[in-house]
Amino acid sequence: MIKKNALRTLWYSLSSNQRFLIRKLYYFPVDFYDRLTGNYHKYVPPRGYIYTGSPANYEDYIDQGKHQLGLLKSEIDLKPNDCVLDVGSGIGRTAIALTTYLDTSARYEGFDVVELGVEWCDSKIKKDFPNFNFKYIPLFNDLYNNANLKAKEFIFPYEKNYFDKIFSFSVFTHMQIDEIQKYFSEIQKVLKPNGIAFSTFFLYDDTTENQTQINKEFTFSKKKDGYSLMSDKVKSANIAIHKDKLKTMLEFENLTLVKIIDGFWKGNQENKIEYQDIVIFKKKS
Ligand SMILES: C[S@@+](CC[C@H](N)C(=O)[O-])C[C@H]1O[C@@H](n2cnc3c(N)ncnc32)[C@H](O)[C@@H]1O
């Protein structure tokens with residue numbers, strides 16, 4: 001277990017470009033073999049491109065997206081004609097699943113700070129689904145992009161009161177507090193009145209704070225005011241936030257917390273529907 005933690009620290013100490021390159025080289029033989037044998041799906045990136053979590057074969061990647069779609073349907077009542085924003089759309093995991101559910105009257109917008117992911121989605125998904133749009137936004141994130149622009153100053157490039165639903169899977173777990181606060185304020189602007197948002201986080205409260213230290217593979221040891229980081233060197237590696245702090249941040253933007261669905265990252269998997277904690281919040285009418 002400790003070994004895995006050391007490997008994670010080593011991995012995070014590399015630059016994002018080094019990580020992208022190593023991943024591509026490492027998976028090249030299996031990706032090449034899959035290509036030769038036709039064991040791939042036209043919308044699913046090769047393993048060496050999947051920088052957004054554990055690289056998976058195409059069936060698993062599609063299943064992960066279907067699971068995300070299921071959560072959006074069950075928790076925020078995603079409808080086939082909704083106008084949706086995918087904050088941190090990555091390399092299309094959620095979008096691929098949404099192509100099977102959203103109809104042509106729906107609109108999907110996604111943006112991300114990694115060009116590789118946006119280019120993949122643009123060339124593979126948008127080509128067949130013109131109501132799907134992907135934007136590359138070169139913002140600094142010490143895990144993903146060395147750009148100069150700051151997420152805490154970023155204004156979402158969409159009309160006010162535009163989206164029925166906004167979601168982000170495993171994105172606010174890789175951002176800093178001031179950046180997340182700014183994104184809440186932007187979500188508040190572009191969400192329709194009564195619109196609803198779904199985001200995943202690592203959360204704790206006074207009774208569960210010590211559980212963020214139990215899993216030696218996944219430890220938030222750098223304590224700050226109301227939140228904890230996994231690493232001080234790569235601040236965006238992972239962040240866990242105290243539930244009270246999150247509630248204050250939402251209230252500050254006049255967003256209403258609807259519910260928190262605890263995930264199983266801190267341990268007990270019983271009756272849990274997702275690894276990370278899910279937060280559902282609304283814009284007031
Ligand atoms: C773990 S990945 C999840 C990607 C995708 N949501 C999924 O479920 O496959 C985290 C994503 O957040 C993106 N990201 C990091 N900082 C961001 C920011 N400030 N704005 C938008 N996306 C960001 C990363 O580039 C990466 O694609």
# chains A, B, ... in the order shown; residues from 1 in each chain; ligands from 1
call {"tool": "residues_near_ligand", "arguments": {"ligand": "ligand 1", "cutoff": "6 Å", "atoms": "only C-alpha atoms and all ligand atoms", "output": "short mmCIF file (atom, residue, chain, number, x, y, z; two decimals) with C-alpha atoms, in the first residue's frame"}}
result
data_model
loop_
_atom_site.label_atom_id
_atom_site.label_comp_id
_atom_site.auth_asym_id
_atom_site.auth_seq_id
_atom_site.Cartn_x
_atom_site.Cartn_y
_atom_site.Cartn_z
CA THR A 52 -8.34 11.08 -16.87
CA GLY A 53 -8.07 8.05 -14.59
CA VAL A 87 -17.34 21.08 -16.86
CA GLY A 88 -13.99 19.31 -17.37
CA SER A 89 -15.21 17.07 -20.19
CA GLY A 90 -11.88 15.21 -20.30
CA ARG A 93 -16.10 9.50 -21.17
CA ASP A 112 -11.48 21.24 -20.59
CA VAL A 113 -7.94 22.46 -19.96
CA VAL A 114 -6.28 19.56 -21.80
CA ASN A 141 -3.63 23.36 -13.43
CA TYR A 144 -2.75 18.96 -16.26
CA ALA A 151 -9.09 29.28 -13.49
CA SER A 168 -18.69 17.73 -13.45
CA PHE A 169 -17.25 14.30 -12.71
CA SER A 170 -13.99 14.28 -10.75
CA VAL A 171 -13.05 17.87 -11.66
CA HIS A 174 -8.51 18.54 -8.93
CA MET A 175 -9.02 22.27 -8.38
#
call {"tool": "residues_around", "arguments": {"residues": "Lys283 in chain A", "least_positions_apart": "3", "cutoff": "6 Å", "atoms": "only C-alpha atoms", "output": "list in words"}}
result
Pro193, Asn194, Gly195 and Leu255 of chain A
call {"tool": "write_last_selection", "arguments": {"atoms": "N, CA and C atoms", "output": "short mmCIF file (atom, residue, chain, number, x, y, z; two decimals), in the first residue's frame"}}
result
data_model
loop_
_atom_site.label_atom_id
_atom_site.label_comp_id
_atom_site.auth_asym_id
_atom_site.auth_seq_id
_atom_site.Cartn_x
_atom_site.Cartn_y
_atom_site.Cartn_z
N PRO A 193 -32.74 29.57 -14.16
CA PRO A 193 -33.39 29.58 -12.84
C PRO A 193 -34.01 28.21 -12.59
N ASN A 194 -33.85 27.69 -11.41
CA ASN A 194 -34.28 26.33 -11.05
C ASN A 194 -33.46 25.23 -11.71
N GLY A 195 -32.45 25.61 -12.48
CA GLY A 195 -31.56 24.62 -13.09
C GLY A 195 -30.80 23.88 -12.00
N LEU A 255 -26.47 29.61 -4.24
CA LEU A 255 -26.85 28.29 -4.77
C LEU A 255 -27.39 27.45 -3.60
#
call {"tool": "closest_residue", "arguments": {"among": "A:Tyr183, A:Ile166, A:Lys135, A:Trp120", "to": "Lys150 in chain A", "atoms": "only C-alpha atoms"}}
result
A:Tyr183
call {"tool": "residues_around", "arguments": {"residues": "His67 in chain A", "least_positions_apart": "3", "cutoff": "10 Å", "atoms": "only C-alpha atoms", "output": "ChimeraX atom specification"}}
result
/A:61-64,70-73,94,97,273-274
call {"tool": "write_last_selection", "arguments": {"atoms": "N, CA and C atoms", "output": "CSV table (one decimal), in the first residue's frame"}}
result
chain,number,residue,atom,x,y,z
A,61,TYR,N,-14.5,1.5,-20.7
A,61,TYR,CA,-14.6,2.9,-20.8
A,61,TYR,C,-16.1,3.3,-21.1
A,62,ILE,N,-16.7,2.5,-22.0
A,62,ILE,CA,-18.1,2.8,-22.3
A,62,ILE,C,-19.0,2.5,-21.1
A,63,ASP,N,-18.7,1.5,-20.4
A,63,ASP,CA,-19.5,1.1,-19.2
A,63,ASP,C,-19.3,2.3,-18.1
A,64,GLN,N,-18.1,2.8,-18.0
A,64,GLN,CA,-17.9,3.9,-17.0
A,64,GLN,C,-18.8,5.1,-17.3
A,70,GLY,N,-26.2,7.1,-16.0
A,70,GLY,CA,-27.2,6.5,-15.1
A,70,GLY,C,-27.4,7.4,-13.9
A,71,LEU,N,-26.3,7.9,-13.3
A,71,LEU,CA,-26.3,8.8,-12.2
A,71,LEU,C,-27.0,10.2,-12.5
A,72,LEU,N,-26.7,10.7,-13.7
A,72,LEU,CA,-27.3,11.9,-14.1
A,72,LEU,C,-28.9,11.8,-14.3
A,73,LYS,N,-29.2,10.6,-14.8
A,73,LYS,CA,-30.7,10.3,-15.0
A,73,LYS,C,-31.4,10.2,-13.6
A,94,THR,N,-18.0,10.8,-20.5
A,94,THR,CA,-19.4,11.1,-20.3
A,94,THR,C,-20.1,11.4,-21.6
A,97,ALA,N,-21.4,8.4,-23.7
A,97,ALA,CA,-22.6,7.9,-23.2
A,97,ALA,C,-23.8,8.8,-23.5
A,273,ILE,N,-23.4,4.4,-4.3
A,273,ILE,CA,-23.6,4.3,-5.7
A,273,ILE,C,-22.4,4.9,-6.5
A,274,GLU,N,-21.4,5.5,-5.8
A,274,GLU,CA,-20.3,6.1,-6.5
A,274,GLU,C,-19.1,6.2,-5.6
call {"tool": "closest_residue", "arguments": {"among": "A:Gly65, A:Pro157, A:Pro55, A:Pro45", "to": "Glu109 in chain A", "atoms": "only C-alpha atoms"}}
result
A:Pro157
call {"tool": "residues_around", "arguments": {"residues": "His41 in chain A", "least_positions_apart": "2", "cutoff": "12 Å", "atoms": "only C-alpha atoms", "output": "list in words"}}
result
Asp31, Asp34, Arg35, Thr37, Gly38, Asn39, Tyr43, Val44, Pro45, Pro46, Arg47, Asn57, Tyr58, Glu59, Asp60, Tyr61, Ile62, Ile96, Lys124 and Ile125 of chain A
call {"tool": "write_last_selection", "arguments": {"atoms": "N, CA and C atoms", "output": "CSV table (one decimal), in the first residue's frame"}}
result
chain,number,residue,atom,x,y,z
A,31,ASP,N,-2.3,-1.0,-27.3
A,31,ASP,CA,-3.1,-0.2,-28.2
A,31,ASP,C,-2.9,-0.6,-29.7
A,34,ASP,N,-4.6,-3.9,-30.3
A,34,ASP,CA,-6.1,-3.7,-30.4
A,34,ASP,C,-6.5,-3.1,-31.7
A,35,ARG,N,-5.7,-2.2,-32.2
A,35,ARG,CA,-5.9,-1.6,-33.5
A,35,ARG,C,-5.8,-2.6,-34.6
A,37,THR,N,-6.2,-5.8,-34.4
A,37,THR,CA,-7.2,-6.9,-34.3
A,37,THR,C,-8.7,-6.3,-34.3
A,38,GLY,N,-8.8,-5.0,-34.5
A,38,GLY,CA,-10.1,-4.4,-34.6
A,38,GLY,C,-10.8,-4.3,-33.2
A,39,ASN,N,-10.1,-4.4,-32.2
A,39,ASN,CA,-10.7,-4.4,-30.8
A,39,ASN,C,-10.8,-3.0,-30.3
A,43,TYR,N,-15.3,6.0,-31.0
A,43,TYR,CA,-15.3,7.2,-30.1
A,43,TYR,C,-14.4,7.0,-28.9
A,44,VAL,N,-13.9,5.8,-28.6
A,44,VAL,CA,-13.2,5.6,-27.4
A,44,VAL,C,-11.7,5.8,-27.7
A,45,PRO,N,-11.0,6.6,-26.9
A,45,PRO,CA,-9.6,6.8,-27.1
A,45,PRO,C,-8.7,5.6,-26.8
A,46,PRO,N,-7.6,5.4,-27.4
A,46,PRO,CA,-6.7,4.3,-27.0
A,46,PRO,C,-6.3,4.5,-25.6
A,47,ARG,N,-5.9,3.4,-24.9
A,47,ARG,CA,-5.5,3.5,-23.5
A,47,ARG,C,-4.5,4.6,-23.2
A,57,ASN,N,-10.0,-0.7,-21.2
A,57,ASN,CA,-10.3,-1.1,-22.6
A,57,ASN,C,-11.6,-0.5,-23.0
A,58,TYR,N,-12.0,-0.6,-24.3
A,58,TYR,CA,-13.1,0.3,-24.8
A,58,TYR,C,-14.4,-0.1,-24.1
A,59,GLU,N,-14.6,-1.4,-23.8
A,59,GLU,CA,-15.9,-1.8,-23.2
A,59,GLU,C,-16.0,-1.2,-21.8
A,60,ASP,N,-14.9,-1.3,-21.0
A,60,ASP,CA,-15.0,-0.7,-19.7
A,60,ASP,C,-15.2,0.8,-19.7
A,61,TYR,N,-14.5,1.5,-20.7
A,61,TYR,CA,-14.6,2.9,-20.8
A,61,TYR,C,-16.1,3.3,-21.1
A,62,ILE,N,-16.7,2.5,-22.0
A,62,ILE,CA,-18.1,2.8,-22.3
A,62,ILE,C,-19.0,2.5,-21.1
A,96,ILE,N,-19.6,10.4,-24.6
A,96,ILE,CA,-19.9,9.2,-25.4
A,96,ILE,C,-21.2,8.6,-25.0
A,124,LYS,N,-13.8,13.1,-33.1
A,124,LYS,CA,-14.5,11.8,-33.2
A,124,LYS,C,-16.0,12.0,-32.9
A,125,ILE,N,-16.3,12.7,-31.8
A,125,ILE,CA,-17.7,12.8,-31.4
A,125,ILE,C,-18.5,13.9,-32.2
call {"tool": "closest_residue", "arguments": {"among": "A:Lys165, A:Lys222, A:Lys282, A:Lys127", "to": "Ala237 in chain A", "atoms": "only C-alpha atoms"}}
result
A:Lys222
call {"tool": "decode", "arguments": {"residues": "range 124-278 of chain A", "atoms": "C-alpha atoms", "output": "PDB file, in the first residue's frame"}}
result
ATOM      1  CA  LYS A 124     -14.481  11.829 -33.171  1.00  0.00           C
ATOM      2  CA  ILE A 125     -17.715  12.781 -31.412  1.00  0.00           C
ATOM      3  CA  LYS A 126     -18.643  16.208 -32.770  1.00  0.00           C
ATOM      4  CA  LYS A 127     -18.134  14.922 -36.310  1.00  0.00           C
ATOM      5  CA  ASP A 128     -21.130  12.577 -35.891  1.00  0.00           C
ATOM      6  CA  PHE A 129     -23.093  14.640 -33.328  1.00  0.00           C
ATOM      7  CA  PRO A 130     -23.110  18.313 -34.373  1.00  0.00           C
ATOM      8  CA  ASN A 131     -25.135  19.310 -31.290  1.00  0.00           C
ATOM      9  CA  PHE A 132     -22.080  18.317 -29.183  1.00  0.00           C
ATOM     10  CA  ASN A 133     -19.468  21.086 -28.756  1.00  0.00           C
ATOM     11  CA  PHE A 134     -16.093  20.892 -27.057  1.00  0.00           C
ATOM     12  CA  LYS A 135     -13.874  23.841 -26.112  1.00  0.00           C
ATOM     13  CA  TYR A 136     -10.220  23.839 -25.146  1.00  0.00           C
ATOM     14  CA  ILE A 137      -9.531  26.468 -22.481  1.00  0.00           C
ATOM     15  CA  PRO A 138      -5.810  26.807 -21.694  1.00  0.00           C
ATOM     16  CA  LEU A 139      -6.021  27.308 -17.918  1.00  0.00           C
ATOM     17  CA  PHE A 140      -3.252  26.545 -15.453  1.00  0.00           C
ATOM     18  CA  ASN A 141      -3.631  23.362 -13.426  1.00  0.00           C
ATOM     19  CA  ASP A 142      -0.439  21.902 -11.955  1.00  0.00           C
ATOM     20  CA  LEU A 143      -1.637  18.362 -12.676  1.00  0.00           C
ATOM     21  CA  TYR A 144      -2.746  18.958 -16.255  1.00  0.00           C
ATOM     22  CA  ASN A 145      -1.547  22.140 -17.946  1.00  0.00           C
ATOM     23  CA  ASN A 146       1.297  24.653 -17.486  1.00  0.00           C
ATOM     24  CA  ALA A 147      -0.657  27.473 -19.153  1.00  0.00           C
ATOM     25  CA  ASN A 148      -0.668  31.021 -17.744  1.00  0.00           C
ATOM     26  CA  LEU A 149      -4.410  31.738 -17.572  1.00  0.00           C
ATOM     27  CA  LYS A 150      -5.964  31.321 -14.148  1.00  0.00           C
ATOM     28  CA  ALA A 151      -9.092  29.279 -13.487  1.00  0.00           C
ATOM     29  CA  LYS A 152     -10.037  31.696 -10.678  1.00  0.00           C
ATOM     30  CA  GLU A 153     -10.404  34.448 -13.294  1.00  0.00           C
ATOM     31  CA  PHE A 154     -12.096  32.364 -15.987  1.00  0.00           C
ATOM     32  CA  ILE A 155     -15.488  33.502 -17.261  1.00  0.00           C
ATOM     33  CA  PHE A 156     -17.552  30.663 -18.734  1.00  0.00           C
ATOM     34  CA  PRO A 157     -18.040  31.405 -22.466  1.00  0.00           C
ATOM     35  CA  TYR A 158     -21.805  30.771 -22.512  1.00  0.00           C
ATOM     36  CA  GLU A 159     -24.949  32.879 -22.317  1.00  0.00           C
ATOM     37  CA  LYS A 160     -26.517  33.602 -18.948  1.00  0.00           C
ATOM     38  CA  ASN A 161     -29.408  31.327 -17.858  1.00  0.00           C
ATOM     39  CA  TYR A 162     -28.626  28.902 -20.680  1.00  0.00           C
ATOM     40  CA  PHE A 163     -28.251  25.395 -19.244  1.00  0.00           C
ATOM     41  CA  ASP A 164     -30.897  23.082 -17.756  1.00  0.00           C
ATOM     42  CA  LYS A 165     -28.252  20.875 -16.158  1.00  0.00           C
ATOM     43  CA  ILE A 166     -24.557  21.292 -15.385  1.00  0.00           C
ATOM     44  CA  PHE A 167     -22.319  18.462 -14.250  1.00  0.00           C
ATOM     45  CA  SER A 168     -18.689  17.728 -13.452  1.00  0.00           C
ATOM     46  CA  PHE A 169     -17.251  14.305 -12.705  1.00  0.00           C
ATOM     47  CA  SER A 170     -13.992  14.285 -10.751  1.00  0.00           C
ATOM     48  CA  VAL A 171     -13.051  17.867 -11.659  1.00  0.00           C
ATOM     49  CA  PHE A 172     -13.544  19.794  -8.394  1.00  0.00           C
ATOM     50  CA  THR A 173     -11.366  17.086  -6.817  1.00  0.00           C
ATOM     51  CA  HIS A 174      -8.511  18.535  -8.926  1.00  0.00           C
ATOM     52  CA  MET A 175      -9.015  22.269  -8.381  1.00  0.00           C
ATOM     53  CA  GLN A 176      -8.147  24.798  -5.673  1.00  0.00           C
ATOM     54  CA  ILE A 177     -10.667  26.402  -3.309  1.00  0.00           C
ATOM     55  CA  ASP A 178     -10.613  29.851  -4.959  1.00  0.00           C
ATOM     56  CA  GLU A 179     -11.012  28.219  -8.391  1.00  0.00           C
ATOM     57  CA  ILE A 180     -13.971  26.124  -7.248  1.00  0.00           C
ATOM     58  CA  GLN A 181     -15.560  29.233  -5.716  1.00  0.00           C
ATOM     59  CA  LYS A 182     -15.210  31.041  -9.056  1.00  0.00           C
ATOM     60  CA  TYR A 183     -16.685  28.059 -10.918  1.00  0.00           C
ATOM     61  CA  PHE A 184     -19.697  28.078  -8.546  1.00  0.00           C
ATOM     62  CA  SER A 185     -20.204  31.729  -9.391  1.00  0.00           C
ATOM     63  CA  GLU A 186     -19.995  30.980 -13.130  1.00  0.00           C
ATOM     64  CA  ILE A 187     -22.373  28.018 -12.765  1.00  0.00           C
ATOM     65  CA  GLN A 188     -24.805  30.329 -10.984  1.00  0.00           C
ATOM     66  CA  LYS A 189     -24.719  32.663 -14.017  1.00  0.00           C
ATOM     67  CA  VAL A 190     -25.112  30.156 -16.840  1.00  0.00           C
ATOM     68  CA  LEU A 191     -27.600  27.812 -15.169  1.00  0.00           C
ATOM     69  CA  LYS A 192     -31.295  28.513 -15.852  1.00  0.00           C
ATOM     70  CA  PRO A 193     -33.394  29.583 -12.843  1.00  0.00           C
ATOM     71  CA  ASN A 194     -34.284  26.328 -11.046  1.00  0.00           C
ATOM     72  CA  GLY A 195     -31.564  24.617 -13.093  1.00  0.00           C
ATOM     73  CA  ILE A 196     -29.723  21.859 -11.314  1.00  0.00           C
ATOM     74  CA  ALA A 197     -26.059  20.892 -10.992  1.00  0.00           C
ATOM     75  CA  PHE A 198     -24.298  17.628 -10.190  1.00  0.00           C
ATOM     76  CA  SER A 199     -20.659  17.525  -9.081  1.00  0.00           C
ATOM     77  CA  THR A 200     -18.411  15.012  -7.403  1.00  0.00           C
ATOM     78  CA  PHE A 201     -16.038  15.839  -4.552  1.00  0.00           C
ATOM     79  CA  PHE A 202     -14.014  14.275  -1.777  1.00  0.00           C
ATOM     80  CA  LEU A 203     -15.826  15.516   1.339  1.00  0.00           C
ATOM     81  CA  TYR A 204     -15.473  14.974   5.068  1.00  0.00           C
ATOM     82  CA  ASP A 205     -16.965  16.344   8.265  1.00  0.00           C
ATOM     83  CA  ASP A 206     -15.830  16.443  11.896  1.00  0.00           C
ATOM     84  CA  THR A 207     -16.780  12.796  12.426  1.00  0.00           C
ATOM     85  CA  THR A 208     -15.224  11.448   9.223  1.00  0.00           C
ATOM     86  CA  GLU A 209     -12.117  13.665   9.034  1.00  0.00           C
ATOM     87  CA  ASN A 210      -9.848  10.919  10.423  1.00  0.00           C
ATOM     88  CA  GLN A 211     -11.059   8.560   7.656  1.00  0.00           C
ATOM     89  CA  THR A 212      -9.293  10.781   5.112  1.00  0.00           C
ATOM     90  CA  GLN A 213      -6.027   9.542   6.676  1.00  0.00           C
ATOM     91  CA  ILE A 214      -6.869   5.837   6.999  1.00  0.00           C
ATOM     92  CA  ASN A 215      -6.361   4.751   3.413  1.00  0.00           C
ATOM     93  CA  LYS A 216      -2.584   4.900   3.072  1.00  0.00           C
ATOM     94  CA  GLU A 217      -2.871   4.818  -0.724  1.00  0.00           C
ATOM     95  CA  PHE A 218      -5.045   7.873  -0.709  1.00  0.00           C
ATOM     96  CA  THR A 219      -4.171  10.240   2.106  1.00  0.00           C
ATOM     97  CA  PHE A 220      -5.076  13.899   2.479  1.00  0.00           C
ATOM     98  CA  SER A 221      -2.315  14.815   4.905  1.00  0.00           C
ATOM     99  CA  LYS A 222      -1.749  18.495   4.052  1.00  0.00           C
ATOM    100  CA  LYS A 223      -4.310  20.170   6.277  1.00  0.00           C
ATOM    101  CA  LYS A 224      -5.537  23.674   5.456  1.00  0.00           C
ATOM    102  CA  ASP A 225      -8.413  25.830   6.642  1.00  0.00           C
ATOM    103  CA  GLY A 226     -11.526  23.752   5.875  1.00  0.00           C
ATOM    104  CA  TYR A 227      -9.871  21.491   3.333  1.00  0.00           C
ATOM    105  CA  SER A 228      -6.905  19.131   2.914  1.00  0.00           C
ATOM    106  CA  LEU A 229      -4.591  18.448   0.004  1.00  0.00           C
ATOM    107  CA  MET A 230      -2.961  15.183  -0.949  1.00  0.00           C
ATOM    108  CA  SER A 231       0.234  16.962  -1.976  1.00  0.00           C
ATOM    109  CA  ASP A 232       1.683  20.424  -1.419  1.00  0.00           C
ATOM    110  CA  LYS A 233       3.918  19.995  -4.458  1.00  0.00           C
ATOM    111  CA  VAL A 234       1.141  19.181  -6.925  1.00  0.00           C
ATOM    112  CA  LYS A 235      -1.752  21.004  -5.339  1.00  0.00           C
ATOM    113  CA  SER A 236      -4.307  19.823  -7.879  1.00  0.00           C
ATOM    114  CA  ALA A 237      -3.406  16.160  -7.364  1.00  0.00           C
ATOM    115  CA  ASN A 238      -6.449  15.806  -5.107  1.00  0.00           C
ATOM    116  CA  ILE A 239      -8.354  17.973  -2.649  1.00  0.00           C
ATOM    117  CA  ALA A 240     -10.817  16.976   0.088  1.00  0.00           C
ATOM    118  CA  ILE A 241     -13.173  19.637   1.454  1.00  0.00           C
ATOM    119  CA  HIS A 242     -15.005  19.917   4.783  1.00  0.00           C
ATOM    120  CA  LYS A 243     -18.772  19.726   4.172  1.00  0.00           C
ATOM    121  CA  ASP A 244     -19.344  22.947   6.168  1.00  0.00           C
ATOM    122  CA  LYS A 245     -16.883  24.816   3.954  1.00  0.00           C
ATOM    123  CA  LEU A 246     -18.580  23.520   0.823  1.00  0.00           C
ATOM    124  CA  LYS A 247     -21.982  24.621   2.135  1.00  0.00           C
ATOM    125  CA  THR A 248     -20.628  28.124   2.849  1.00  0.00           C
ATOM    126  CA  MET A 249     -19.134  28.315  -0.642  1.00  0.00           C
ATOM    127  CA  LEU A 250     -22.462  27.390  -2.256  1.00  0.00           C
ATOM    128  CA  GLU A 251     -24.433  29.806  -0.058  1.00  0.00           C
ATOM    129  CA  PHE A 252     -22.027  32.608  -0.976  1.00  0.00           C
ATOM    130  CA  GLU A 253     -23.090  32.207  -4.625  1.00  0.00           C
ATOM    131  CA  ASN A 254     -26.761  31.936  -3.721  1.00  0.00           C
ATOM    132  CA  LEU A 255     -26.851  28.286  -4.766  1.00  0.00           C
ATOM    133  CA  THR A 256     -29.042  25.874  -2.807  1.00  0.00           C
ATOM    134  CA  LEU A 257     -27.600  22.582  -1.646  1.00  0.00           C
ATOM    135  CA  VAL A 258     -30.140  19.868  -2.508  1.00  0.00           C
ATOM    136  CA  LYS A 259     -28.277  16.842  -1.190  1.00  0.00           C
ATOM    137  CA  ILE A 260     -24.969  15.134  -0.602  1.00  0.00           C
ATOM    138  CA  ILE A 261     -24.701  11.456  -1.497  1.00  0.00           C
ATOM    139  CA  ASP A 262     -21.727   9.959   0.301  1.00  0.00           C
ATOM    140  CA  GLY A 263     -19.380   7.902  -1.852  1.00  0.00           C
ATOM    141  CA  PHE A 264     -17.261   4.948  -0.810  1.00  0.00           C
ATOM    142  CA  TRP A 265     -13.772   6.491  -1.157  1.00  0.00           C
ATOM    143  CA  LYS A 266     -13.435   6.703   2.636  1.00  0.00           C
ATOM    144  CA  GLY A 267     -14.219   3.007   3.105  1.00  0.00           C
ATOM    145  CA  ASN A 268     -17.580   1.304   3.564  1.00  0.00           C
ATOM    146  CA  GLN A 269     -19.004   0.474   0.145  1.00  0.00           C
ATOM    147  CA  GLU A 270     -22.406  -0.758   1.362  1.00  0.00           C
ATOM    148  CA  ASN A 271     -25.340   0.889  -0.457  1.00  0.00           C
ATOM    149  CA  LYS A 272     -23.021   3.432  -2.086  1.00  0.00           C
ATOM    150  CA  ILE A 273     -23.584   4.345  -5.732  1.00  0.00           C
ATOM    151  CA  GLU A 274     -20.317   6.129  -6.518  1.00  0.00           C
ATOM    152  CA  TYR A 275     -16.674   6.272  -5.374  1.00  0.00           C
ATOM    153  CA  GLN A 276     -16.575  10.063  -4.890  1.00  0.00           C
ATOM    154  CA  ASP A 277     -19.179  12.035  -2.945  1.00  0.00           C
ATOM    155  CA  ILE A 278     -21.920  13.518  -5.106  1.00  0.00           C
TER     156      ILE A 278
END
